[in-house]
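One file, protein.cif, carrying mmCIF, C-alpha atoms:
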data_data
loop_
_atom_site.label_atom_id
_atom_site.label_comp_id
_atom_site.auth_asym_id
_atom_site.auth_seq_id
_atom_site.Cartn_x
_atom_site.Cartn_y
_atom_site.Cartn_z
CA MET A 20 -5.86 8.98 13.72
CA SER A 21 -9.07 9.67 11.89
CA GLU A 22 -12.60 8.53 12.61
CA GLY A 23 -15.20 7.77 9.99
CA VAL A 24 -18.48 9.49 9.40
CA GLY A 25 -20.51 6.31 9.21
CA PRO A 26 -20.92 3.07 7.26
CA ASP A 27 -22.85 4.50 4.31
CA GLY A 28 -19.69 5.55 2.48
CA GLY A 29 -18.42 1.98 2.42
CA GLY A 30 -21.04 0.61 0.06
CA ASP A 31 -18.84 0.74 -3.05
CA ARG A 32 -18.36 -3.01 -3.44
CA ARG A 33 -19.11 -3.92 -7.04
CA ASP A 34 -21.20 -6.88 -8.09
CA PRO A 35 -18.55 -9.39 -9.26
CA GLU A 36 -20.64 -10.14 -12.33
CA GLU A 37 -20.11 -6.53 -13.49
CA LEU A 38 -16.34 -7.03 -13.75
CA PRO A 39 -14.51 -8.48 -16.77
CA ALA A 40 -13.87 -12.20 -16.41
CA GLU A 41 -10.08 -11.83 -16.54
CA ILE A 42 -10.17 -9.44 -13.57
CA ARG A 43 -12.55 -11.61 -11.54
CA GLU A 44 -10.41 -14.68 -12.07
CA ALA A 45 -7.20 -12.92 -11.02
CA VAL A 46 -8.54 -11.57 -7.70
CA PRO A 47 -8.19 -13.98 -4.77
CA ASP A 48 -11.09 -14.83 -2.47
CA TYR A 49 -9.93 -13.81 0.99
CA ASP A 50 -12.73 -15.46 3.00
CA ASP A 51 -12.84 -12.14 4.84
CA GLU A 52 -15.54 -9.60 3.95
CA TYR A 53 -13.42 -6.58 4.86
CA LEU A 54 -10.36 -7.72 2.89
CA ASP A 55 -12.59 -8.66 -0.05
CA ARG A 56 -13.96 -5.12 -0.11
CA VAL A 57 -10.43 -3.69 0.05
CA SER A 58 -9.46 -5.88 -2.89
CA ASP A 59 -12.36 -4.37 -4.87
CA ARG A 60 -10.67 -0.98 -4.51
CA LEU A 61 -7.17 -2.18 -5.39
CA MET A 62 -7.74 -4.81 -8.07
CA TYR A 63 -7.30 -2.40 -10.98
CA SER A 64 -3.91 -1.09 -9.81
CA TYR A 65 -2.35 -3.99 -7.89
CA ASP A 66 -1.52 -7.60 -8.58
CA LEU A 67 -3.14 -9.21 -5.53
CA ASP A 68 -2.21 -12.36 -3.65
CA ARG A 69 -3.24 -14.12 -0.45
CA ASP A 70 -1.73 -16.23 2.32
CA ILE A 71 1.92 -15.49 1.70
CA VAL A 72 4.87 -15.91 4.06
CA VAL A 73 7.78 -13.49 3.97
CA HIS A 74 10.77 -14.35 6.16
CA GLY A 75 8.51 -16.27 8.52
CA GLU A 76 5.84 -13.53 8.73
CA ARG A 77 2.43 -14.54 7.36
CA PHE A 78 0.08 -12.10 5.61
CA GLU A 79 -3.46 -12.88 4.51
CA PHE A 80 -3.38 -10.08 1.91
CA ALA A 81 -0.60 -8.89 -0.38
CA GLY A 82 -0.36 -6.71 -3.44
CA THR A 83 2.24 -5.37 -5.84
CA MET A 84 1.96 -2.30 -8.02
CA ARG A 85 4.42 -1.21 -10.67
CA MET A 86 4.32 1.93 -12.78
CA ARG A 87 6.75 3.11 -15.44
CA ASN A 88 6.93 6.73 -16.48
CA GLN A 89 8.39 7.36 -19.90
CA LYS A 90 9.17 10.40 -21.96
CA GLN A 91 8.90 9.70 -25.67
CA PHE A 92 10.65 11.28 -28.63
CA PHE A 93 8.22 10.97 -31.58
CA HIS A 94 7.70 7.21 -31.04
CA PRO A 95 7.35 4.88 -28.00
CA ALA A 96 10.45 2.98 -29.13
CA LEU A 97 12.44 6.20 -28.70
CA SER A 98 11.82 6.65 -25.00
CA TYR A 99 14.11 8.24 -22.46
CA ALA A 100 14.10 9.21 -18.79
CA ASP A 101 12.32 5.97 -17.83
CA HIS A 102 11.42 5.75 -14.13
CA ASP A 103 10.00 2.80 -12.24
CA VAL A 104 7.77 3.24 -9.21
CA MET A 105 6.82 0.20 -7.13
CA GLU A 106 4.75 -0.61 -4.08
CA HIS A 107 4.77 -3.84 -2.10
CA LEU A 108 1.74 -4.08 0.18
CA PHE A 109 1.27 -6.59 3.01
CA ALA A 110 -1.74 -6.83 5.33
CA ARG A 111 -2.92 -9.17 8.06
CA ARG A 112 -5.40 -9.34 10.92
CA VAL A 113 -4.30 -9.03 14.53
CA ALA A 114 -6.24 -8.64 17.76
CA GLY A 115 -4.16 -5.92 19.39
CA PRO A 116 -1.03 -4.69 17.56
CA THR A 117 2.00 -3.62 19.56
CA VAL A 118 4.85 -1.22 18.91
CA GLY A 119 7.22 -4.20 19.04
CA GLU A 120 5.30 -5.92 16.24
CA LEU A 121 5.42 -2.77 14.11
CA GLU A 122 9.16 -2.42 14.67
CA ARG A 123 9.61 -6.04 13.60
CA LEU A 124 7.67 -5.33 10.41
CA VAL A 125 9.90 -2.34 9.66
CA ASP A 126 12.95 -4.63 9.91
CA LEU A 127 11.17 -7.05 7.58
CA GLY A 128 10.55 -4.21 5.16
CA HIS A 129 14.25 -3.47 4.90
CA ALA A 130 14.87 -7.15 4.11
CA VAL A 131 12.18 -6.99 1.41
CA ALA A 132 13.84 -3.90 -0.04
CA ASP A 133 17.21 -5.66 -0.21
CA GLU A 134 15.63 -8.59 -2.07
CA ARG A 135 13.21 -6.88 -4.42
CA ILE A 136 14.80 -3.57 -5.40
CA THR A 137 17.29 -3.47 -8.23
CA PRO A 138 19.24 -0.25 -7.64
CA ASN A 139 19.87 1.48 -10.96
CA GLU A 140 19.23 4.75 -12.75
CA GLU A 141 15.70 3.71 -13.72
CA HIS A 142 14.58 3.02 -10.16
CA TYR A 143 12.61 6.05 -9.05
CA GLY A 144 11.13 4.85 -5.78
CA THR A 145 9.60 1.91 -3.94
CA ASP A 146 7.02 1.92 -1.16
CA ILE A 147 6.85 -1.00 1.25
CA THR A 148 3.59 -0.78 3.16
CA PHE A 149 2.41 -2.89 6.09
CA VAL A 150 -1.22 -2.85 7.21
CA LEU A 151 -2.48 -4.36 10.45
CA VAL A 152 -6.24 -4.90 10.61
CA ALA A 153 -6.98 -4.81 14.33
CA ASP A 154 -9.80 -5.16 16.80
CA ARG A 155 -8.52 -2.09 18.64
CA ILE A 156 -5.71 0.48 18.44
CA SER A 157 -3.91 1.54 21.59
CA GLU A 158 -2.76 5.11 22.13
CA GLU A 159 0.85 3.90 22.14
CA VAL A 160 0.48 2.25 18.74
CA ALA A 161 -1.40 5.24 17.32
CA ALA A 162 1.35 7.61 18.45
CA PHE A 163 4.09 5.40 17.02
CA VAL A 164 2.41 5.08 13.61
CA ASP A 165 1.42 8.74 13.41
CA GLY A 166 5.00 9.86 14.01
CA PHE A 167 6.67 7.21 11.86
CA ARG A 168 8.76 7.92 8.77
CA ASP A 169 11.56 5.77 7.35
CA ARG A 170 13.03 6.73 3.98
CA THR A 171 16.28 5.35 2.57
CA LEU A 172 18.30 6.89 -0.27
CA LEU A 173 20.02 4.50 -2.65
CA LYS A 174 23.46 5.70 -3.69
CA PHE A 175 22.65 9.15 -2.27
CA GLY A 176 19.42 9.20 -4.28
CA TYR A 177 21.05 8.53 -7.65
CA TYR A 178 19.30 5.13 -7.66
CA GLY A 179 16.12 6.53 -6.16
CA ARG A 180 14.85 5.68 -2.71
CA TYR A 181 12.52 3.43 -0.81
CA GLU A 182 10.11 4.18 1.99
CA MET A 183 8.43 2.20 4.76
CA ASN A 184 4.78 2.91 5.48
CA LEU A 185 2.61 1.71 8.36
CA ILE A 186 -1.19 1.62 8.56
CA VAL A 187 -3.27 0.26 11.44
CA VAL A 188 -7.03 0.08 11.01
CA ALA A 189 -9.85 -1.04 13.30
CA PRO A 190 -12.72 -1.34 10.80
CA ASP A 191 -15.41 -2.21 13.35
CA ARG A 192 -14.56 0.98 15.25
CA GLU A 193 -14.11 3.00 12.05
CA VAL A 194 -10.69 4.20 13.14
CA ILE A 195 -7.48 4.27 11.11
CA VAL A 196 -4.00 5.67 11.70
CA ASP A 197 -1.23 5.90 9.13
CA SER A 198 2.32 7.11 8.81
CA GLU A 199 3.13 10.34 7.03
CA ALA A 200 3.88 9.02 3.54
CA ALA A 201 1.35 6.16 3.31
CA GLY A 202 -0.52 6.53 0.05
CA VAL A 203 -2.95 3.59 0.08
CA THR A 204 -4.80 4.46 3.31
CA ASP A 205 -8.09 5.36 1.64
CA ALA A 206 -8.44 1.83 0.27
CA PHE A 207 -8.69 0.55 3.86
CA ARG A 208 -11.05 3.29 5.08
CA MET A 209 -14.10 1.35 3.96
CA TRP A 210 -16.61 3.46 5.87
CA GLU A 211 -15.89 6.41 3.56
CA ALA A 212 -16.13 6.67 -0.20
CA VAL A 213 -12.86 7.08 -2.08
CA GLU A 214 -12.58 10.53 -3.57
CA LYS A 215 -11.25 10.86 -7.09
CA PRO A 216 -7.77 12.44 -6.94
CA ASP A 217 -7.15 15.75 -8.66
CA GLU A 218 -3.73 14.64 -9.88
CA GLY A 219 -2.31 11.54 -11.52
CA LEU A 220 -1.02 8.60 -9.52
CA PHE A 221 2.55 9.08 -10.71
CA SER A 222 2.37 12.77 -9.80
CA ARG A 223 1.29 11.85 -6.27
CA PHE A 224 4.19 9.36 -5.99
CA ALA A 225 6.61 11.95 -7.32
CA ARG A 226 5.42 14.53 -4.82
CA ARG A 227 5.90 12.05 -1.98
CA PHE A 228 9.35 10.87 -3.04
CA TRP A 229 10.88 14.18 -4.04
CA ARG A 230 9.28 16.80 -1.82
#

Just give me the structure as structure tokens.
Amino acid sequence: MSEGVGPDGGGDRRDPEELPAEIREAVPDYDDEYLDRVSDRLMYSYDLDRDIVVHGERFEFAGTMRMRNQKQFFHPALSYADHDVMEHLFARRVAGPTVGELERLVDLGHAVADERITPNEEHYGTDITFVLVADRISEEVAAFVDGFRDRTLLKFGYYGRYEMNLIVVAPDREVIVDSEAAGVTDAFRMWEAVEKPDEGLFSRFARRFWR
């Protein structure tokens, strides 16, 4: 669990009028200041949605990211070693999350993986990330999330793998806890500025999936 240094770092919300019209029109209005600010950080990398229901579980915020890594031989049409990397992100507000709720979301994540992953040689890895935006975080929940890791090989890794990630954040208390492989945590740590990574996004995914 990490605590923020203060609210000043969270003032990175852009004036909507500064954004291209096609981006503004594609980003949902969440009627929630915190989730709106998170969407400002993710809109360039994720296709965002709102108010979705997945197997009976409702989420106010959802996002999907897809990246394809290609090696090219002289021309883009002559590509080889294509690899797809995906992330499915789901977030909702709760008053006080419980370990039982998190375990239920993990089961949901496996169902999402069965539905949305096409196992083949081009599938490199998929992240399925659940975020609970809470009023408070109990020590039991913090310990569960901090020690959580769930990674599944597909055909012994020949078809890549998928990984469950958990994040619980209490924005009013400036406290966040995440599981070991969660890669989108900084987008929800609104009280701190996002630091520019030293390596590419695909490199960071590769390091997480194949370390």

When the PyMOL selection byres ((chain A and resi 160-166) around 8) is applied to the structure above, which residues does it catch, written out as a ChimeraX atom specification? /A:20,116-118,156-159,167-168,185-187,196-199

Residues picked by the PyMOL selection byres ((chain A and resi 182) around 10) here, as a list in words?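 Answer for the PyMOL selection byres ((chain A and resi 182) around 10): Glu106, Gly128, His129, Ala132, Gly144, Thr145, Asp146, Ile147, Thr148, Arg168, Asp169, Arg170, Thr171, Leu172, Arg180, Tyr181, Met183, Asn184, Ala200, Ala201, Arg227 and Phe228 of chain A.
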
From the options A:Asp133, A:Tyr53, A:Gly75, A:Ser64, which residue's atoms come nearest to Val188 in chain A, counting only C-alpha atoms?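 Nearest to Val188 in chain A: A:Tyr53.
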
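If only C-alpha atoms are the atoms counted, then among A:Arg192, A:His74, A:Arg208, A:Arg60 the closest residue to Arg123 in chain A is A:His74.
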
Work out how far CA of Phe78 in chain A is from CA of Val46 in chain A, in Å to one decimal.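 One can read the CA of Val46 in chain A to CA of Phe78 in chain A distance as 15.9 Å.
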
I would like the residues chosen by the PyMOL selection byres ((chain A and resi 142) around 8) on the shown file; could you give them as a ChimeraX atom specification? /A:102-104,137-141,143-144,178-180

Any chance you could export the current selection's C-alpha atoms as a CSV table (one decimal), keeping the file's coordinate frame?
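Dumped everything to result.csv:
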chain,number,residue,atom,x,y,z
A,102,HIS,CA,11.4,5.8,-14.1
A,103,ASP,CA,10.0,2.8,-12.2
A,104,VAL,CA,7.8,3.2,-9.2
A,137,THR,CA,17.3,-3.5,-8.2
A,138,PRO,CA,19.2,-0.2,-7.6
A,139,ASN,CA,19.9,1.5,-11.0
A,140,GLU,CA,19.2,4.8,-12.8
A,141,GLU,CA,15.7,3.7,-13.7
A,143,TYR,CA,12.6,6.0,-9.0
A,144,GLY,CA,11.1,4.8,-5.8
A,178,TYR,CA,19.3,5.1,-7.7
A,179,GLY,CA,16.1,6.5,-6.2
A,180,ARG,CA,14.8,5.7,-2.7

Would you work out the distance separating CA of Leu173 in chain A from CA of Arg135 in chain A, expressed in Å to one decimal?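 Separating CA of Leu173 in chain A from CA of Arg135 in chain A is a distance of 13.4 Å.
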
Using only C-alpha atoms, which residues sit within 12 Å of Asp51 in chain A once same-chain residues fewer than 6 positions away are excluded, as a PDB file with C-alpha atoms, in the frame of the given file?
ATOM      1  CA  VAL A  57     -10.430  -3.690   0.050  1.00  0.00           C
ATOM      2  CA  SER A  58      -9.460  -5.880  -2.890  1.00  0.00           C
ATOM      3  CA  ARG A  69      -3.240 -14.120  -0.450  1.00  0.00           C
ATOM      4  CA  GLU A  79      -3.460 -12.880   4.510  1.00  0.00           C
ATOM      5  CA  PHE A  80      -3.380 -10.080   1.910  1.00  0.00           C
ATOM      6  CA  ARG A 111      -2.920  -9.170   8.060  1.00  0.00           C
ATOM      7  CA  ARG A 112      -5.400  -9.340  10.920  1.00  0.00           C
ATOM      8  CA  VAL A 152      -6.240  -4.900  10.610  1.00  0.00           C
TER       9      VAL A 152
END

For a test of reading the model, state the distance in Å between CA of Val203 in chain A and CA of Met86 in chain A, rounded to one decimal.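 These atoms are spaced 14.9 Å apart.
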
Counting only C-alpha atoms, the option among A:Ala81, A:Leu124, A:Gly119, A:Trp210 closest to Leu61 in chain A: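 For Leu61 in chain A, the nearest of the given residues is A:Ala81.
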
Measuring atom to atom with all atoms listed in the file, identify which of A:Ala153, A:Val131, A:Met209, A:Ile71 is nearest to His107 in chain A.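 Checking each candidate against His107 in chain A, we get A:Val131 as the closest.
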